[in-house]
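Inspection log for the structure reproduced underneath, given as structure tokens.
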Amino acid sequence: MISVLPSCIIGGILQVLCALVTLAIEAPAIVSFIDFLKPIGQAFEGRSNWLKALLYVGLFILPMFPACFGVAYVFGLVFQIAIAVIYGLLAIRVKVTRTIVEQPYAI
């Protein structure tokens with residue numbers, strides 16, 4: 001976020017905001033003192049894993065447009081991708097487990 005190029009500053013600010021949204025969803029107790037993040041955490045509290053995975057993919061794509069690619073920027077994007085992949089796998093696991101339990105010999 002500290003730079004002389006406007007695109008790097010905007011990309012850094014977007015990445016910090018995406019990180020705050022991720023913290024509001026994953027650990028609302030950490031950001032409970034920030035008023036504008038409380039409704040975001042409460043909105044996604046009981047949501048399904050595939051919806052969270054789609055949100056994290058969107059949060060991964062959003063800061064890519066105005067950013068300049070440095071080490072810290074790529075490091076943050078890798079973590080955002082990892083979170084989206086984990087929630088995607090959790091969403092798929094529920095469907096696969098349900099199919100195996102209902103039809104154990106269908107595989």
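Labels for the structure tokens follow display order: chains A, B, ..., residues from 1 in each chain, ligands from 1.
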Do you know which residues are at most 9 Å from A:Lys52 counting only C-alpha atoms, after dropping those on the same chain fewer than 4 positions away, and could you put them as a list in words?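 Selected residues are Ile25, Phe44, Arg47, Ser48, Tyr56, Val57, Ala84, Tyr87 and Gly88 of chain A.
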Given only C-alpha atoms as the basis, pick out the residue of A:Ala91, A:Met64, A:Ala82, A:Ala19 nearest to A:Ser7.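 Going through A:Ala91, A:Met64, A:Ala82, A:Ala19 one by one, the smallest distance to A:Ser7 is for A:Met64.
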To test your reading of the structure, identify every residue in chain A that backbone DSSP assigns to helix (DSSP H, G or I), and report it as an MDAnalysis selection string. chainID A and resid 6:26 35:43 49:64 71:102
With distances taken over only C-alpha atoms, which residue among A:Phe60, A:Ile92, A:Tyr73, A:Ile83 lies nearest A:Cys18?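 Nearest candidate to A:Cys18 out of A:Phe60, A:Ile92, A:Tyr73, A:Ile83: A:Phe60.
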Find the distance between atom CA of A:Cys68 and atom CA of A:Ala24 and write it in Å to one decimal.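 Spanning atom CA of A:Cys68 to atom CA of A:Ala24 is a straight-line distance of 25.7 Å.
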For A:Ala29, which residue among A:Gly11, A:Val85, A:Gln42, A:Val71 is the nearest when counting only C-alpha atoms?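 Among A:Gly11, A:Val85, A:Gln42, A:Val71, it is A:Gln42 that comes nearest to A:Ala29.
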One number please: atom CA of A:Pro66 to atom CA of A:Thr22, in Å, one decimal.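 Atom-to-atom, atom CA of A:Pro66 to atom CA of A:Thr22, that is 19.8 Å.
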Which polymer residues have any atom within 8 Å of an atom of A:Val21, counting only C-alpha atoms, with same-chain residues fewer than 6 positions away left out, as a CSV table (one decimal) with C-alpha atoms, in the first residue's frame?
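Writing done, so here's selection-v3.csv:
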```csv
chain,number,residue,atom,x,y,z
A,37,LEU,CA,-17.7,-5.2,9.3
A,40,ILE,CA,-20.8,-8.7,6.8
A,41,GLY,CA,-19.8,-11.3,9.4
```
Could you tell me which of A:Phe36, A:Val31, A:Glu45, A:Pro63 comes closest to A:Ile10 if we count only C-alpha atoms?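 Using only C-alpha atoms, the shortest distance to A:Ile10 belongs to A:Pro63.
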Measure the distance from atom CA of A:Leu89 to atom CA of A:Gln15 in Å and round it to one decimal.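 It comes out at 23.7 Å.
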Ranking A:Ile9, A:Leu51, A:Val74, A:Leu59 by minimum distance to A:Leu90 and counting only C-alpha atoms, which one comes first?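 Answer, going by the shortest atom-to-atom distance: A:Leu51.
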